[in-house]
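Printed here is run-v7.cif (mmCIF, C-alpha atoms):
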```cif
data_run
loop_
_atom_site.label_atom_id
_atom_site.label_comp_id
_atom_site.auth_asym_id
_atom_site.auth_seq_id
_atom_site.Cartn_x
_atom_site.Cartn_y
_atom_site.Cartn_z
CA MET A 28 36.33 111.05 12.96
CA THR A 29 34.25 108.11 13.88
CA LYS A 30 34.62 107.07 17.49
CA TRP A 31 35.74 103.60 16.43
CA LEU A 32 39.00 105.05 15.13
CA GLN A 33 39.59 107.33 18.11
CA SER A 34 41.58 104.56 19.75
CA GLY A 35 45.23 104.71 18.79
CA ARG A 36 45.48 100.94 18.82
CA ARG A 37 42.58 100.59 16.38
CA ARG A 38 44.12 103.23 14.11
CA ASP A 39 47.46 101.41 14.26
CA ILE A 40 45.78 98.12 13.35
CA CYS A 41 44.26 99.86 10.33
CA ALA A 42 47.65 101.35 9.42
CA LEU A 43 49.28 97.91 9.48
CA LEU A 44 46.52 96.50 7.29
CA TYR A 45 46.72 99.45 4.90
CA GLU A 46 50.12 98.43 3.60
CA VAL A 47 49.24 94.78 2.88
CA ASP A 48 46.42 92.83 1.26
CA GLN A 49 45.68 90.91 4.46
CA LEU A 50 47.31 89.61 7.64
CA ARG A 51 46.56 86.69 9.91
CA GLY A 52 45.46 87.74 13.36
CA GLN A 53 48.61 86.54 15.13
CA LYS A 54 50.92 88.23 12.62
CA LEU A 55 48.95 91.46 13.00
CA LYS A 56 49.20 91.24 16.80
CA THR A 57 52.94 90.47 16.62
CA SER A 58 53.53 93.45 14.31
CA LEU A 59 51.67 95.75 16.68
CA GLU A 60 53.60 94.41 19.68
CA ALA A 61 56.86 95.05 17.82
CA HIS A 62 55.78 98.63 17.12
CA TYR A 63 54.79 99.24 20.76
CA ASP A 64 57.72 97.16 22.10
CA THR A 65 55.41 95.49 24.60
CA HIS A 66 53.07 92.51 24.98
CA ILE A 67 49.41 93.12 24.15
CA ASP A 68 46.73 91.10 25.90
CA SER A 69 45.08 88.81 23.33
CA LYS A 70 41.54 89.47 24.59
CA SER A 71 42.06 93.22 24.35
CA PHE A 72 43.64 92.98 20.90
CA TYR A 73 40.92 90.79 19.44
CA ALA A 74 38.21 92.94 21.04
CA GLY A 75 39.59 95.96 19.17
CA LEU A 76 39.79 93.96 15.97
CA ARG A 77 36.22 92.75 16.48
CA SER A 78 35.04 96.35 16.96
CA LEU A 79 36.69 97.38 13.70
CA THR A 80 35.07 94.44 11.93
CA GLU A 81 31.62 95.15 13.37
CA ARG A 82 31.85 98.77 12.24
CA GLY A 83 32.89 97.84 8.71
CA PHE A 84 36.49 99.07 8.75
CA VAL A 85 38.05 95.60 8.67
CA GLU A 86 36.86 92.35 7.13
CA THR A 87 37.66 88.81 8.17
CA ARG A 88 38.72 86.26 5.58
CA THR A 89 39.27 82.57 6.11
CA GLU A 90 42.73 81.40 5.12
CA GLY A 91 42.88 77.67 5.72
CA ILE A 92 42.25 77.21 9.43
CA HIS A 93 43.26 80.79 10.28
CA ASP A 94 41.40 84.05 10.13
CA ALA A 95 43.04 86.78 8.12
CA TYR A 96 42.06 90.44 8.27
CA ALA A 97 41.94 93.10 5.59
CA LEU A 98 41.06 96.76 5.55
CA THR A 99 37.79 97.60 3.81
CA GLU A 100 37.29 100.61 1.54
CA ALA A 101 35.58 102.38 4.45
CA GLY A 102 38.59 101.61 6.62
CA GLU A 103 40.95 102.96 3.99
CA ARG A 104 38.94 106.18 3.65
CA ALA A 105 38.82 106.70 7.41
CA LEU A 106 42.55 106.10 7.79
CA GLU A 107 43.39 108.38 4.87
CA ALA A 108 41.16 111.13 6.32
CA HIS A 109 42.96 110.81 9.66
CA TYR A 110 46.33 110.91 7.91
CA GLU A 111 45.31 114.08 6.08
CA TRP A 112 44.13 115.69 9.32
CA LEU A 113 47.35 114.70 11.11
CA SER A 114 49.51 115.94 8.22
CA GLU A 115 47.76 119.31 8.36
CA ARG A 116 48.40 119.57 12.10
CA LEU A 117 52.08 118.70 11.69
CA SER A 118 52.56 121.16 8.83
CA GLN A 119 51.21 124.00 11.02
CA ARG A 120 54.18 123.83 13.36
CA ASP A 121 56.69 126.63 12.92
#
```

Output the structure of this file as structure tokens.
Amino acid sequence: MTKWLQSGRRRDICALLYEVDQLRGQKLKTSLEAHYDTHIDSKSFYAGLRSLTERGFVETRTEGIHDAYALTEAGERALEAHYEWLSERLSQRD
């Protein structure tokens, strides 16, 4: 797995984007905070999102005055590969 998806937060961002066409940054952050049931520092969140964008897993789209984010094909493949790996691990349990 590429090191840019080794972070659970980055994987979770990709998972949230996987189920939709795109999300605005604030909506994505709010969804992640709801999942973790805690506040996430904006600088930290956007740094992770920027890393995913720089590595080609997420793309930024302009939606009016807001930035919206979408998973790229590379991001989808990486997330699906991780899901397959995780499913195999979970199926091994007796």

*asked:* Taking the file as I've supplied it (selection: the PyMOL selection byres ((chain A and resi 72-84) around 8)), which residues are included? Please answer as a list in words.
replied: Trp31, Arg36, Arg37, Ile40, Cys41, Lys56, Ile67, Asp68, Ser69, Lys70, Ser71, Val85, Glu86, Thr87, Leu98, Thr99, Glu100, Ala101, Gly102 and Glu103 of chain A

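Closest approach to Ala61 in chain A from the set A:Leu106, A:Asp48, A:Asp94, A:Leu43 is made by A:Leu43, with distances taken over all atoms listed in the file.
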
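Comparing the minimum interatomic distances between Leu55 in chain A and each of A:Asp39, A:Ser34, A:Gly91, A:Glu111, counting all atoms listed in the file, we find that A:Asp39 sits nearest.
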
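Picture a line from CA of Lys54 in chain A to CA of Tyr110 in chain A; it runs 23.6 Å.
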
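Here CA of Ala108 in chain A is placed at a distance of 27.2 Å from CA of Gln53 in chain A.
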
*asked:* One decimal, in Å: what's the spacing between CA of Glu60 in chain A and CA of Ser118 in chain A?
replied: 28.9 Å

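Shortest atom-to-atom contact with Arg104 in chain A among A:Leu117, A:Val47, A:Leu59, A:Ala42: A:Ala42, counting only C-alpha atoms.
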
*Written as an MDAnalysis selection string, which residues does the PyMOL selection byres ((chain A and resi 49) around 7) give for the file shown?*
chainID A and resid 44 47:48 50:51 95:97

Is there a way to complete range 44-77 of chain A with N, CA and C atoms and then write that out as a PDB file, keeping the file's coordinate frame?
```pdb
ATOM      1  N   LEU A  44      47.262  97.176   8.345  1.00  0.00           N
ATOM      2  CA  LEU A  44      46.520  96.500   7.290  1.00  0.00           C
ATOM      3  C   LEU A  44      46.530  97.294   5.983  1.00  0.00           C
ATOM      4  N   TYR A  45      46.727  98.589   6.077  1.00  0.00           N
ATOM      5  CA  TYR A  45      46.720  99.450   4.900  1.00  0.00           C
ATOM      6  C   TYR A  45      47.833  99.084   3.922  1.00  0.00           C
ATOM      7  N   GLU A  46      48.963  98.683   4.458  1.00  0.00           N
ATOM      8  CA  GLU A  46      50.120  98.430   3.600  1.00  0.00           C
ATOM      9  C   GLU A  46      50.174  97.022   3.012  1.00  0.00           C
ATOM     10  N   VAL A  47      49.247  96.156   3.392  1.00  0.00           N
ATOM     11  CA  VAL A  47      49.240  94.780   2.880  1.00  0.00           C
ATOM     12  C   VAL A  47      47.833  94.400   2.441  1.00  0.00           C
ATOM     13  N   ASP A  48      47.731  93.311   1.704  1.00  0.00           N
ATOM     14  CA  ASP A  48      46.420  92.830   1.260  1.00  0.00           C
ATOM     15  C   ASP A  48      45.636  92.278   2.447  1.00  0.00           C
ATOM     16  N   GLN A  49      46.306  91.490   3.271  1.00  0.00           N
ATOM     17  CA  GLN A  49      45.680  90.910   4.460  1.00  0.00           C
ATOM     18  C   GLN A  49      46.755  90.362   5.381  1.00  0.00           C
ATOM     19  N   LEU A  50      46.396  90.195   6.655  1.00  0.00           N
ATOM     20  CA  LEU A  50      47.310  89.610   7.640  1.00  0.00           C
ATOM     21  C   LEU A  50      46.522  88.659   8.531  1.00  0.00           C
ATOM     22  N   ARG A  51      47.157  87.573   8.898  1.00  0.00           N
ATOM     23  CA  ARG A  51      46.560  86.690   9.910  1.00  0.00           C
ATOM     24  C   ARG A  51      46.555  87.434  11.235  1.00  0.00           C
ATOM     25  N   GLY A  52      45.612  87.064  12.083  1.00  0.00           N
ATOM     26  CA  GLY A  52      45.460  87.740  13.360  1.00  0.00           C
ATOM     27  C   GLY A  52      46.736  87.747  14.194  1.00  0.00           C
ATOM     28  N   GLN A  53      47.406  86.612  14.300  1.00  0.00           N
ATOM     29  CA  GLN A  53      48.610  86.540  15.130  1.00  0.00           C
ATOM     30  C   GLN A  53      49.735  87.396  14.556  1.00  0.00           C
ATOM     31  N   LYS A  54      49.887  87.413  13.252  1.00  0.00           N
ATOM     32  CA  LYS A  54      50.920  88.230  12.620  1.00  0.00           C
ATOM     33  C   LYS A  54      50.626  89.720  12.836  1.00  0.00           C
ATOM     34  N   LEU A  55      49.363  90.077  12.756  1.00  0.00           N
ATOM     35  CA  LEU A  55      48.950  91.460  13.000  1.00  0.00           C
ATOM     36  C   LEU A  55      49.254  91.860  14.441  1.00  0.00           C
ATOM     37  N   LYS A  56      48.934  90.981  15.378  1.00  0.00           N
ATOM     38  CA  LYS A  56      49.200  91.240  16.800  1.00  0.00           C
ATOM     39  C   LYS A  56      50.710  91.348  17.044  1.00  0.00           C
ATOM     40  N   THR A  57      51.485  90.451  16.460  1.00  0.00           N
ATOM     41  CA  THR A  57      52.940  90.470  16.620  1.00  0.00           C
ATOM     42  C   THR A  57      53.534  91.766  16.052  1.00  0.00           C
ATOM     43  N   SER A  58      53.042  92.202  14.912  1.00  0.00           N
ATOM     44  CA  SER A  58      53.530  93.450  14.310  1.00  0.00           C
ATOM     45  C   SER A  58      53.216  94.646  15.195  1.00  0.00           C
ATOM     46  N   LEU A  59      52.051  94.659  15.782  1.00  0.00           N
ATOM     47  CA  LEU A  59      51.670  95.750  16.680  1.00  0.00           C
ATOM     48  C   LEU A  59      52.507  95.723  17.953  1.00  0.00           C
ATOM     49  N   GLU A  60      52.747  94.535  18.492  1.00  0.00           N
ATOM     50  CA  GLU A  60      53.600  94.410  19.680  1.00  0.00           C
ATOM     51  C   GLU A  60      55.018  94.890  19.382  1.00  0.00           C
ATOM     52  N   ALA A  61      55.518  94.596  18.194  1.00  0.00           N
ATOM     53  CA  ALA A  61      56.860  95.050  17.820  1.00  0.00           C
ATOM     54  C   ALA A  61      56.895  96.582  17.741  1.00  0.00           C
ATOM     55  N   HIS A  62      55.844  97.165  17.217  1.00  0.00           N
ATOM     56  CA  HIS A  62      55.780  98.630  17.120  1.00  0.00           C
ATOM     57  C   HIS A  62      55.728  99.262  18.512  1.00  0.00           C
ATOM     58  N   TYR A  63      54.933  98.691  19.410  1.00  0.00           N
ATOM     59  CA  TYR A  63      54.790  99.240  20.760  1.00  0.00           C
ATOM     60  C   TYR A  63      55.912  98.777  21.697  1.00  0.00           C
ATOM     61  N   ASP A  64      56.663  97.746  21.288  1.00  0.00           N
ATOM     62  CA  ASP A  64      57.720  97.160  22.100  1.00  0.00           C
ATOM     63  C   ASP A  64      57.184  96.675  23.446  1.00  0.00           C
ATOM     64  N   THR A  65      56.020  96.046  23.395  1.00  0.00           N
ATOM     65  CA  THR A  65      55.410  95.490  24.600  1.00  0.00           C
ATOM     66  C   THR A  65      54.392  94.416  24.219  1.00  0.00           C
ATOM     67  N   HIS A  66      54.073  93.553  25.185  1.00  0.00           N
ATOM     68  CA  HIS A  66      53.070  92.510  24.980  1.00  0.00           C
ATOM     69  C   HIS A  66      51.678  93.138  25.020  1.00  0.00           C
ATOM     70  N   ILE A  67      50.800  92.678  24.161  1.00  0.00           N
ATOM     71  CA  ILE A  67      49.410  93.120  24.150  1.00  0.00           C
ATOM     72  C   ILE A  67      48.546  91.926  24.537  1.00  0.00           C
ATOM     73  N   ASP A  68      47.660  92.139  25.474  1.00  0.00           N
ATOM     74  CA  ASP A  68      46.730  91.100  25.900  1.00  0.00           C
ATOM     75  C   ASP A  68      45.879  90.647  24.717  1.00  0.00           C
ATOM     76  N   SER A  69      45.814  89.349  24.481  1.00  0.00           N
ATOM     77  CA  SER A  69      45.080  88.810  23.330  1.00  0.00           C
ATOM     78  C   SER A  69      43.609  89.202  23.351  1.00  0.00           C
ATOM     79  N   LYS A  70      42.970  89.123  24.511  1.00  0.00           N
ATOM     80  CA  LYS A  70      41.540  89.470  24.590  1.00  0.00           C
ATOM     81  C   LYS A  70      41.325  90.918  24.197  1.00  0.00           C
ATOM     82  N   SER A  71      42.167  91.799  24.671  1.00  0.00           N
ATOM     83  CA  SER A  71      42.060  93.220  24.350  1.00  0.00           C
ATOM     84  C   SER A  71      42.301  93.462  22.861  1.00  0.00           C
ATOM     85  N   PHE A  72      43.316  92.817  22.312  1.00  0.00           N
ATOM     86  CA  PHE A  72      43.640  92.980  20.900  1.00  0.00           C
ATOM     87  C   PHE A  72      42.481  92.522  20.022  1.00  0.00           C
ATOM     88  N   TYR A  73      41.988  91.320  20.282  1.00  0.00           N
ATOM     89  CA  TYR A  73      40.920  90.790  19.440  1.00  0.00           C
ATOM     90  C   TYR A  73      39.593  91.527  19.654  1.00  0.00           C
ATOM     91  N   ALA A  74      39.395  92.117  20.820  1.00  0.00           N
ATOM     92  CA  ALA A  74      38.210  92.940  21.040  1.00  0.00           C
ATOM     93  C   ALA A  74      38.259  94.187  20.154  1.00  0.00           C
ATOM     94  N   GLY A  75      39.427  94.802  20.057  1.00  0.00           N
ATOM     95  CA  GLY A  75      39.590  95.960  19.170  1.00  0.00           C
ATOM     96  C   GLY A  75      39.396  95.587  17.715  1.00  0.00           C
ATOM     97  N   LEU A  76      39.938  94.453  17.337  1.00  0.00           N
ATOM     98  CA  LEU A  76      39.790  93.960  15.970  1.00  0.00           C
ATOM     99  C   LEU A  76      38.326  93.646  15.668  1.00  0.00           C
ATOM    100  N   ARG A  77      37.635  93.066  16.631  1.00  0.00           N
ATOM    101  CA  ARG A  77      36.220  92.750  16.480  1.00  0.00           C
ATOM    102  C   ARG A  77      35.398  94.033  16.311  1.00  0.00           C
TER     103      ARG A  77
END
```
